[in-house]
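The next block holds one structure in the form of structure tokens; read it before the comments.
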Amino acid sequence: MFRGILTTKLVKPFTQINTKNILLFLALLGPGIITANVDNDAGGIATYSLAAANYGYSILWMMIPTTIALVVVQEMCARMGAVTGKGLADLIRESFGVKVTFYVMIALFITNLGNSISEFAGIAASLELFGISKYVSVPVSAILVWLLIVKGSYRTVEKVFLVACLVYIAYPVAAFMAGPKWDVILKATVTPEFKPDSAYIMTLIGIIGTTIAPWMQFYQQSAVVEKGITAEQYGFTRLDVIVGCVLAIVVAFFMMVACASTIHLHGLKIETAADAALALKPLVGQHASSLFAFGLFNASLFGACILPLSTAFYICEGMGWESGVDKDFEQAPQFFWFFTVIIAISALLILIPNAPLMKIMFLSQVLNGMVLPFVLIVMLLLINDKKLMGSYVNGPVFNLIAQITVVIMVVLTIIMTLDIALPGILNRLLGH
């Protein structure tokens, strides 16, 4: 059934558990865990916090199907990187031509710019809770991010990112400090609930869009290629992908539990991820609130590195330009200029007084969800091409899960669009 997935080459590393294989796994560790965990960025925290604050435990059921879809999608792109030795944007250009690639790049650039802006919004909001003005925190953070990527090597950058992943333990700790009712949570997690209104549907799209963001597929495949992972080593990278995806969902789950157990329970309203941290303070204490705020800063700074980086990766790959953290400005000028310009624009926009930060953060995640089906369709066409993937093509189960994800996202987007637009259209037709 899992033909093309669980081949001898991929299973072998797990049947020979010894010191050598453990060391090899640790050496290949990185792309899967980093990509999945950076997804819990400022926009992600805002989306998960808003969802739980507005709908409580009843939204938790989304996390199980989302986990399955996330593992499948990320495994597919990592496998393509290991087998072909090329990034996703490279494969799109070679298989579908420059015109299709150009439009895909434009759509992804717009969504990623919104995501990058949200990261600096998260940095500003989180450090303001500790008394640091955004006019200090945002420029300093932008410079630190730029120096890390432009002056650092891939190995250095990866180590920094892996350490940043450890800070996400703040959210499970904050959730336990909130004293949730675990029996109620367990029941809600396995009991699907659907509400046919545009706000709820937009929340579902936002959750899927922030959990399986389109940039993730491009970044992870590029990271696998840059790390030099091959099909023979892929069994270990596949484990890295699965572990990373599960850890990311666990963190998001506890984030939602913390907000549902406190903010929703007391009927409070929040408008930003920073509001969520502030709301926790009188309910469960200063320490939980500070942990939530510190987690937001870590996630935002983490995302401020990855989002512009992933954008530079896929645009340069798509256009056939040199890219890579291990290169310099002279070797890959377009790559580093794209990275620099995105950081500069994102940071400067956050410094505008009264900028609608929360709308930018939330709507960027909804836009992610709307763009995701198109990326998945292209991925399915590529990964099922035997000329490209050989024996590593998708099996029927992975194809089915990916196809169902595409259909669900398209249907939800259509329903949301009609629910929002139809009343206005009817009013105009009726002359109201």
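Here, A, B, ... name the chains of the structure tokens in the order displayed, residue numbers run from 1 inside each chain, and ligands are numbered from 1 in the same displayed order.
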
Write down as a count of residues only the residues of region 170-332 of chain A whose backbone DSSP state falls under helix (DSSP H, G or I).
-> 123

Which residues, written as an MDAnalysis selection string, have at least one atom at most 12 Å from Ser310 (chain A), with only C-alpha atoms counted and residues fewer than 6 positions away on the same chain left out?
chainID A and resid 35 38 87:89 105 108:109 111:113 115:116 149 213:223 303:304 316:317 323:325 335:336 338:339 342

Produce a file of the selected residues containing N, CA and C atoms, as a compact mmCIF listing (two decimals), in the first residue's frame.
# COMPACT_ATOMS: atom_id res chain seq x y z
N THR A 35 11.70 23.58 10.11
CA THR A 35 10.60 24.06 9.25
C THR A 35 9.26 23.96 9.97
N VAL A 38 9.14 26.49 13.17
CA VAL A 38 9.08 27.93 12.87
C VAL A 38 7.67 28.29 12.41
N GLY A 87 15.38 22.10 -5.46
CA GLY A 87 14.32 22.73 -4.70
C GLY A 87 12.99 22.66 -5.44
N LEU A 88 11.90 22.93 -4.73
CA LEU A 88 10.57 22.85 -5.32
C LEU A 88 10.39 23.88 -6.44
N ALA A 89 10.88 25.09 -6.24
CA ALA A 89 10.76 26.12 -7.28
C ALA A 89 11.53 25.72 -8.54
N MET A 105 5.35 32.34 -8.04
CA MET A 105 6.27 33.14 -7.24
C MET A 105 5.62 34.44 -6.76
N LEU A 108 3.19 33.62 -3.90
CA LEU A 108 3.92 33.27 -2.69
C LEU A 108 4.66 34.47 -2.11
N PHE A 109 5.15 35.35 -2.97
CA PHE A 109 5.84 36.55 -2.48
C PHE A 109 4.88 37.43 -1.67
N THR A 111 2.05 36.51 -0.10
CA THR A 111 1.70 35.87 1.18
C THR A 111 2.88 35.92 2.15
N ASN A 112 4.09 35.70 1.64
CA ASN A 112 5.25 35.68 2.52
C ASN A 112 5.63 37.06 3.04
N LEU A 113 5.36 38.09 2.25
CA LEU A 113 5.63 39.44 2.73
C LEU A 113 4.72 39.74 3.91
N ASN A 115 3.48 37.49 5.89
CA ASN A 115 4.00 36.67 6.99
C ASN A 115 5.22 37.32 7.65
N SER A 116 6.11 37.85 6.83
CA SER A 116 7.34 38.48 7.35
C SER A 116 7.00 39.72 8.19
N ILE A 149 22.10 35.66 8.99
CA ILE A 149 21.96 34.97 7.70
C ILE A 149 23.06 35.36 6.72
N ALA A 213 1.71 26.10 6.00
CA ALA A 213 1.91 27.30 5.19
C ALA A 213 2.68 26.95 3.91
N PRO A 214 2.32 27.56 2.77
CA PRO A 214 2.99 27.24 1.50
C PRO A 214 4.50 27.44 1.53
N TRP A 215 4.99 28.44 2.28
CA TRP A 215 6.44 28.69 2.30
C TRP A 215 7.19 27.49 2.86
N MET A 216 6.53 26.69 3.73
CA MET A 216 7.20 25.57 4.39
C MET A 216 7.71 24.54 3.39
N GLN A 217 6.91 24.25 2.37
CA GLN A 217 7.29 23.24 1.40
C GLN A 217 8.54 23.68 0.63
N PHE A 218 8.57 24.95 0.25
CA PHE A 218 9.71 25.47 -0.50
C PHE A 218 10.96 25.52 0.38
N TYR A 219 10.80 26.00 1.62
CA TYR A 219 11.97 26.12 2.49
C TYR A 219 12.53 24.75 2.85
N GLN A 220 11.64 23.82 3.23
CA GLN A 220 12.15 22.51 3.67
C GLN A 220 12.87 21.78 2.54
N GLN A 221 12.29 21.81 1.35
CA GLN A 221 12.94 21.12 0.22
C GLN A 221 14.29 21.77 -0.09
N SER A 222 14.36 23.10 -0.03
CA SER A 222 15.63 23.79 -0.26
C SER A 222 16.65 23.45 0.83
N ALA A 223 16.18 23.35 2.09
CA ALA A 223 17.08 23.03 3.20
C ALA A 223 17.64 21.61 3.07
N GLY A 303 10.91 33.28 13.19
CA GLY A 303 10.20 33.43 11.92
C GLY A 303 10.75 34.56 11.07
N ALA A 304 11.25 35.63 11.73
CA ALA A 304 11.82 36.76 10.99
C ALA A 304 13.08 36.36 10.24
N CYS A 316 14.66 32.80 -6.08
CA CYS A 316 15.91 32.60 -6.81
C CYS A 316 15.94 31.25 -7.52
N GLU A 317 15.42 30.22 -6.86
CA GLU A 317 15.33 28.91 -7.51
C GLU A 317 14.43 28.99 -8.73
N SER A 323 21.53 30.63 -5.13
CA SER A 323 20.98 30.88 -3.80
C SER A 323 21.70 29.99 -2.79
N GLY A 324 21.61 30.37 -1.50
CA GLY A 324 22.22 29.55 -0.46
C GLY A 324 22.89 30.37 0.62
N VAL A 325 22.70 29.97 1.87
CA VAL A 325 23.27 30.68 3.01
C VAL A 325 24.80 30.60 3.00
N PHE A 335 19.84 36.60 -4.29
CA PHE A 335 19.39 35.90 -3.09
C PHE A 335 19.49 36.81 -1.86
N PHE A 336 20.65 37.41 -1.66
CA PHE A 336 20.86 38.23 -0.46
C PHE A 336 20.16 39.58 -0.55
N PHE A 338 17.19 40.07 -2.11
CA PHE A 338 15.80 39.76 -1.79
C PHE A 338 15.61 39.64 -0.29
N PHE A 339 16.51 38.90 0.35
CA PHE A 339 16.44 38.71 1.80
C PHE A 339 16.51 40.06 2.52
N ILE A 342 13.25 42.34 1.88
CA ILE A 342 12.07 41.86 2.60
C ILE A 342 12.15 42.22 4.08

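Of the residues listed (A:Ile123, A:Met319, A:Val72, A:Ile242), A:Ile123 shows the shortest atom-to-atom separation from Cys305 (chain A); distances use only C-alpha atoms.
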
Check: Any idea what the distance is between CA of Leu367 (chain A) and CA of Gly209 (chain A)?
Finding: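 Taking CA of Leu367 (chain A) as the start and CA of Gly209 (chain A) as the end point, the length is 7.2 Å.
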
Distance query Ile343 (chain A) at most 12 Å, only C-alpha atoms, self and fewer than 4 positions along chain excluded, as a ChimeraX atom specification: /A:112-120,138-147,149,301,303-309,311-312,336-339,347-350

Would you output that residue set with C-alpha atoms, as a CSV table (one decimal), in the first residue's frame?
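The result, stored in out_21.csv:
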chain,number,residue,atom,x,y,z
A,112,ASN,CA,5.2,35.7,2.5
A,113,LEU,CA,5.6,39.4,2.7
A,114,GLY,CA,2.5,39.5,4.9
A,115,ASN,CA,4.0,36.7,7.0
A,116,SER,CA,7.3,38.5,7.4
A,117,ILE,CA,5.6,41.7,8.5
A,118,SER,CA,3.7,39.7,11.1
A,119,GLU,CA,7.0,38.4,12.5
A,120,PHE,CA,8.2,41.9,13.2
A,138,VAL,CA,12.4,46.1,15.7
A,139,PRO,CA,15.5,47.8,14.2
A,140,VAL,CA,17.8,45.9,16.5
A,141,SER,CA,16.2,42.6,15.7
A,142,ALA,CA,16.2,43.3,12.0
A,143,ILE,CA,20.0,44.0,12.1
A,144,LEU,CA,20.6,40.8,14.2
A,145,VAL,CA,18.6,38.7,11.7
A,146,TRP,CA,20.4,40.2,8.7
A,147,LEU,CA,23.8,39.6,10.3
A,149,ILE,CA,22.0,35.0,7.7
A,301,LEU,CA,12.5,36.3,15.9
A,303,GLY,CA,10.2,33.4,11.9
A,304,ALA,CA,11.8,36.8,11.0
A,305,CYS,CA,14.9,34.7,9.9
A,306,ILE,CA,13.1,31.9,8.1
A,307,LEU,CA,10.3,33.7,6.3
A,308,PRO,CA,12.5,36.2,4.3
A,309,LEU,CA,15.0,33.4,3.8
A,311,THR,CA,11.2,33.7,0.1
A,312,ALA,CA,14.7,34.4,-1.2
A,336,PHE,CA,20.9,38.2,-0.5
A,337,TRP,CA,19.3,41.4,-1.9
A,338,PHE,CA,15.8,39.8,-1.8
A,339,PHE,CA,16.4,38.7,1.8
A,347,ALA,CA,10.6,46.2,9.8
A,348,LEU,CA,9.8,49.7,8.4
A,349,LEU,CA,6.0,49.0,8.0
A,350,ILE,CA,5.8,47.9,11.7

Check: What gap, in Å, lies between CA of Thr189 (chain A) and CA of Cys245 (chain A)?
Finding: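 Separation of CA of Thr189 (chain A) and CA of Cys245 (chain A): 17.7 Å.
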
Rounded to one decimal, what separation in Å do you get between CA of Val246 (chain A) and CA of Asp385 (chain A)?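 Separation between CA of Val246 (chain A) and CA of Asp385 (chain A): 28.2 Å.
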
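Among the candidates A:Ala332, A:Met370, A:Met177, A:Ile249, the one nearest to Thr262 (chain A) when counting only C-alpha atoms is A:Met177.
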